[in-house]
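Report on one structure; see the data block that follows.
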2 protein chains.
Amino acid sequence: MKAVGLVTEYNPFHNGHAYHAATAKKISGADVAVAVMSGNFTQRGEVTMLDKWTRASEALDNGVDLVIELPIFYAVQPAHLFAQGAISLLNQLQVSELVFGAEHPKADFKKLVTAESLFNSDEFSHYNGTYASRFNQQMKQQTGIELTDPNDILAFAYHKAVSQLQAPIKLTAIQRISNQYHDNKISSEIASASAIRHAVINQLDYSLSVPSKTATDILEAKTSIDWNTCYPYLRYFINQVTIKSLQEIYQMSEGLEYKFKDVAETATTFDQFMSGIKSKRYTYSRLSRLCLYTLLQITNDEMLAATQQPYLRVLGFNKMGQEYLHTIKKDLEIPLVTKVDRDLKNGMVNLDYRAGKFIEQLTNLKQDMQKSPIIVK
Amino acid sequence: MKAVGLVTEYNPFHNGHAYHAATAKKISGADVAVAVMSGNFTQRGEVTMLDKWTRASEALDNGVDLVIELPIFYAVQPAHLFAQGAISLLNQLQVSELVFGAEHPKADFKKLVTAESLFNSDEFSHYNGTYASRFNQQMKQQTGIELTDPNDILAFAYHKAVSQLQAPIKLTAIQRISNQYHDNKISSEIASASAIRHAVINQLDYSLSVPSKTATDILEAKTSIDWNTCYPYLRYFINQVTIKSLQEIYQMSEGLEYKFKDVAETATTFDQFMSGIKSKRYTYSRLSRLCLYTLLQITNDEMLAATQQPYLRVLGFNKMGQEYLHTIKKDLEIPLVTKVDRDLKNGMVNLDYRAGKFIEQLTNLKQDMQKSPIIVK
């Protein structure tokens with residue numbers, strides 16, 4: 001059996017995602033489409049509008065055969081770590097090809113990877129705004145390619161990860177159709193996830209752009225969660241925690257802990273908080289992720305330990321997906337998790353478990369304990 | 001000038017409290033009544049129904065001349081530490097007499113203190129349910145006095161503290177009038193604070209039992225805070241925090257941290273949580289206080305450090321109170337705090353400050369920064 005990989009957030013699952021899955025299968029000639037999907041939190045440090053089970057179920061309903069959760073220690077990271085995590089899981093899953101959308105699918109991303117490798121890699125670990133723009137300038141001079149669009153950046157990161165991991169995965173970029181990621185109007189059957197979220201929040205019509213299951217799921221969701229819902233908890237935590245403990249949070253560096261403490265005192269909304277901590281030094285996404293690490297109290301030690309022990313958490317499959325999983329099972333080098341028990345929750349799966357507990361508290365939707373993979377007949 | 005001391009929570013301030021202040025002045029012949037009052041949290045580990053400024057203002061309106069905040073590291077403690085803290089502040093404040101209500105004011109509390117001193121004091125530090133009842137049995141055999149009513153227990157603790165601190169404070173017990181502390185019906189002008197809180201929550205008439213200012217304050221309070229309001233924050237914190245950090249919380253001992261973690265997973269209300277963690281080993285108050293330390297993330301180290309550095313935080317005064325404060329100022333051995341600045345908030349006053357921040361977040365009522373003592377003309 002041949003499998004094609006998809007790296008996804010599905011926030012929420014829309015027609016573009018269904019098109020993506022179908023195209024990936026067609027291009028690659030694969031029997032199954034395997035999606036590695038972020039759990040309840042995204043790469044940009046946001047809460048997903050629907051929980052992971054609902055989104056996995058939408059995917060299985062619309063052409064995806066197997067959904068694996070991208071653990072939070074990979075999912076909520078800058079592009080290069082996100083891509084590295086996703087590629088390493090897809091490699092374990094033995095997909096022969098990864099099909100992904102890019103703003104400039106014809107760009108020579110491989111050439112960029114070679115050019116980038118000549119850079120000072122110490123600097124790369126800072127991934128702050130200043131560095132990014134300097135990096136881009138030089139890249140453009142050397143390769144003629146400008147790396148500014150989010151999916152192009154991910155495309156580059158996939159190429160880099162495949163090269164680093166020496167993964168035998170073919171990388172195929174397809175044109176991202178429709179409007180830009182940040183557009184807000186829904187004018188066609190294909191719209192971006194952010195446009196759909198914007199429409200949902202503002203009670204505009206989005207039905208054209210999503211499969212019927214997604215439309216139903218959004219209508220039926222009792223609680224709409226976003227940073228506004230989560231901020232009171234973040235604020236409470238920052239106000240009470242000691243500077244010493246706050247310093248231990250993953251990526252809390254360069255005095256940001258003092259800024260967090262100062263700003264949380266008076267900022268009553270998440271927007272106010274972000275305005276207060278934002279500076280040229282850091283991108284919005286970097287800070288939003290840091291807010292998430294803080295909310296979930298993820299320490300540096302915990303993050304480092306977690307990334308040393310990746311796993312494949314199965315969220316769901318159909319008959320084909322199940323069959324595929326069965327054929328690759330024996331060759332897996334990392335654990336396959338289908339159910340979270342006491343040991344896993346306190347051990348390997350702890351960060352995802354805690355992230356799920358927070359969502360459970362806000363939504364009353366079970367996330368981990370007593371949950372089995374979704375089986376679609 | 002002569003001052004009489006009152007140890008209070010005023011949750012809320014009622015007619016019995018006004019009677020208490022008037023009687024204390026009359027009995028002692030004092031010029032001023034100085035109340036040491038718990039801030040936003042009580043000795044039993046509850047949130048006060050009105051914030052500390054509102055309650056201080058009610059007191060100043062009804063016969064009290066000076067209100068000093070009992071810092072949280074004294075206020076939220078078992079009776080013996082609560083009493084020790086209050087007596088030590090009243091001693092600094094040079095009150096010559098403390099007048100307090102007791103269920104059995106004629107009991108020989110001094111005799112009890114002597115009898116108790118013959119006990120194994122190591123055991124006393126456990127102050128758990130089993131110990132309390134064993135202690136009581138022996139006390140009754142030796143002295144004929146049974147120490148079971150809450151104000152009798154405090155009376156005993158005041159005597160013990162005065163003896164330990166060798167404070168030149170006369171202790172005068174007066175009869176607690178009206179119904180028992182746990183009664184719920186309001187049938188006279190004098191009702192217990194818990195009866196009044198019960199009436200407020202259940203929208204029963206309590207107007208007979210409180211001064212007009214208290215009645216107005218309760219009506220005008222926008223947010224009613226209790227453990228139900230606070231529990232989501234406690235639950236979130238327990239779910240996310242590591243066992244290691246939870247173990248560092250003050251009084252978190254004997255594996256309670258595991259119980260906290262286990263129960264918080266499924267308990268969706270504070271009542272459910274308390275039922276889950278309650279055992280014969282611990283009294284409800286002991287656990288309720290532990291919940292509060294956890295909510296405010298007060299570590300053992302922080303609590304120990306804070307108790308080493310007490311202070312007198314002035315919440316308000318009238319002309320007489322101000323004059324009195326002026327006469328004793330020069331003899332104070334501990335700092336007098338009238339305004340919380342940056343240094344104080346990060347230093348000596350930090351625990352009270354954090355407790356206040358939490359209340360601020362829930363009520364939008366400023367608690368510390370930019371607050372000056374209430375001045376009643």
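The way I read the labels, and the way they are meant: chains A, B, ... in the order of the structure tokens, residue 1 as the first residue of every chain, and ligand 1 as the first ligand shown, with later ones counted on from there.
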Practice problem: Could you give me the residues within range 42-229 of chain B that DSSP places in strand (DSSP E or B), as a PyMOL selection string? | Solution: chain B and resi 47+66-70+97-102+170-175
Counting only C-alpha atoms, a student should be able to say which residues of chain B come within 10 Å of chain A; what is the right answer, written as a PyMOL selection string? chain B and resi 232-237+239-243+245+265-268+294-299+302+346+350-351+353-355+357-358+360-362+364
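For Asn40 in chain A, the list of residues within 6 Å, based on only C-alpha atoms and with local chain neighbours fewer than 6 positions off taken out, reads Val47, Thr48, Asp51 and Lys52 of chain A.
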Kindly export the residues of the current selection with N, CA and C atoms, as a compact mmCIF listing (two decimals), in the first residue's frame.
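Everything below was put into out_7.txt:
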```txt
# COMPACT_ATOMS: atom_id res chain seq x y z
N VAL A 47 -5.81 28.79 20.01
CA VAL A 47 -6.65 27.64 20.30
C VAL A 47 -7.47 27.35 19.05
N THR A 48 -7.60 26.08 18.69
CA THR A 48 -8.43 25.77 17.51
C THR A 48 -9.91 26.00 17.85
N ASP A 51 -12.55 21.22 18.74
CA ASP A 51 -11.55 20.36 19.37
C ASP A 51 -11.01 19.33 18.38
N LYS A 52 -9.94 18.65 18.77
CA LYS A 52 -9.22 17.77 17.84
C LYS A 52 -10.05 16.61 17.33
```
Subject >> Contacts of Leu208 in chain A at 9 Å (only C-alpha atoms; same-chain gap of 3+ positions) as a list in words >> reply: Asn15, Ile186, Ser187, Ser188, Glu189, Ile190, Ala191, Asp205 and Pro211 of chain A
Could you dump the residues just selected with all heavy atoms as an mmCIF file, in the first residue's frame?
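Listing of part.cif after writing:
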```
data_model
loop_
_atom_site.group_PDB
_atom_site.id
_atom_site.type_symbol
_atom_site.label_atom_id
_atom_site.label_comp_id
_atom_site.auth_asym_id
_atom_site.auth_seq_id
_atom_site.Cartn_x
_atom_site.Cartn_y
_atom_site.Cartn_z
ATOM 1 N N ASN A 15 -13.447 23.161 2.380
ATOM 2 C CA ASN A 15 -13.388 22.572 1.035
ATOM 3 C C ASN A 15 -11.970 22.518 0.472
ATOM 4 O O ASN A 15 -11.615 21.586 -0.246
ATOM 5 C CB ASN A 15 -14.270 23.385 0.077
ATOM 6 C CG ASN A 15 -15.747 23.243 0.427
ATOM 7 O OD1 ASN A 15 -16.131 22.298 1.123
ATOM 8 N ND2 ASN A 15 -16.569 24.176 -0.042
ATOM 9 N N ILE A 186 -15.677 35.791 2.124
ATOM 10 C CA ILE A 186 -15.860 34.468 1.531
ATOM 11 C C ILE A 186 -16.672 34.589 0.258
ATOM 12 O O ILE A 186 -17.871 34.823 0.288
ATOM 13 C CB ILE A 186 -16.545 33.504 2.517
ATOM 14 C CG1 ILE A 186 -15.628 33.347 3.729
ATOM 15 C CG2 ILE A 186 -16.839 32.169 1.866
ATOM 16 C CD1 ILE A 186 -16.025 32.289 4.685
ATOM 17 N N SER A 187 -15.957 34.444 -0.867
ATOM 18 C CA SER A 187 -16.622 34.694 -2.141
ATOM 19 C C SER A 187 -16.687 33.449 -3.012
ATOM 20 O O SER A 187 -17.309 33.461 -4.055
ATOM 21 C CB SER A 187 -15.872 35.803 -2.880
ATOM 22 O OG SER A 187 -14.487 35.522 -2.858
ATOM 23 N N SER A 188 -16.038 32.376 -2.576
ATOM 24 C CA SER A 188 -16.062 31.178 -3.416
ATOM 25 C C SER A 188 -16.133 29.925 -2.552
ATOM 26 O O SER A 188 -16.138 30.006 -1.328
ATOM 27 C CB SER A 188 -14.804 31.137 -4.286
ATOM 28 O OG SER A 188 -13.690 30.837 -3.476
ATOM 29 N N GLU A 189 -16.150 28.780 -3.212
ATOM 30 C CA GLU A 189 -16.205 27.515 -2.475
ATOM 31 C C GLU A 189 -14.907 27.229 -1.734
ATOM 32 O O GLU A 189 -14.862 26.411 -0.832
ATOM 33 C CB GLU A 189 -16.526 26.366 -3.439
ATOM 34 C CG GLU A 189 -17.998 26.330 -3.789
ATOM 35 C CD GLU A 189 -18.365 25.116 -4.628
ATOM 36 O OE1 GLU A 189 -17.566 24.159 -4.674
ATOM 37 O OE2 GLU A 189 -19.457 25.137 -5.214
ATOM 38 N N ILE A 190 -13.853 27.885 -2.197
ATOM 39 C CA ILE A 190 -12.564 27.715 -1.535
ATOM 40 C C ILE A 190 -12.226 29.014 -0.797
ATOM 41 O O ILE A 190 -12.105 30.074 -1.407
ATOM 42 C CB ILE A 190 -11.455 27.402 -2.559
ATOM 43 C CG1 ILE A 190 -11.806 26.165 -3.399
ATOM 44 C CG2 ILE A 190 -10.115 27.228 -1.838
ATOM 45 C CD1 ILE A 190 -11.737 24.839 -2.700
ATOM 46 N N ALA A 191 -12.132 28.921 0.523
ATOM 47 C CA ALA A 191 -11.747 30.084 1.330
ATOM 48 C C ALA A 191 -10.719 29.624 2.351
ATOM 49 O O ALA A 191 -10.635 28.445 2.677
ATOM 50 C CB ALA A 191 -12.969 30.673 2.028
ATOM 51 N N ASP A 205 -22.000 34.469 6.506
ATOM 52 C CA ASP A 205 -22.245 33.175 5.883
ATOM 53 C C ASP A 205 -20.926 32.553 5.410
ATOM 54 O O ASP A 205 -20.152 33.174 4.701
ATOM 55 C CB ASP A 205 -23.195 33.360 4.691
ATOM 56 C CG ASP A 205 -23.622 32.013 4.118
ATOM 57 O OD1 ASP A 205 -23.490 30.997 4.834
ATOM 58 O OD2 ASP A 205 -24.085 31.993 2.960
ATOM 59 N N PRO A 211 -17.518 21.642 4.054
ATOM 60 C CA PRO A 211 -18.387 20.475 3.901
ATOM 61 C C PRO A 211 -19.520 20.548 4.939
ATOM 62 O O PRO A 211 -19.379 21.228 5.965
ATOM 63 C CB PRO A 211 -17.474 19.286 4.199
ATOM 64 C CG PRO A 211 -16.082 19.802 4.192
ATOM 65 C CD PRO A 211 -16.153 21.261 4.494
#
```
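Checking B:Leu290, B:Leu81, B:Leu6, B:Leu325 one by one against Ile249 in chain B, counting only C-alpha atoms, you find the shortest gap at B:Leu290.
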Set the distance at 10 Å and use only C-alpha atoms: which residues neighbour Tyr311 in chain A once local chain neighbours fewer than 6 positions away are removed? I'd like the list as a count of residues only. 14
- Using DSSP on the backbone coordinates, identify all residues within range 254-311 of chain A classified as helix (DSSP H, G or I); present the result as JSON, numbers by chain. {"A": [256, 257, 258, 259, 260, 261, 262, 263, 264, 265, 266, 270, 271, 272, 273, 274, 275, 276, 277, 284, 285, 286, 287, 288, 289, 290, 291, 292, 293, 294, 295, 300, 301, 302, 303, 304, 305, 306, 307]}
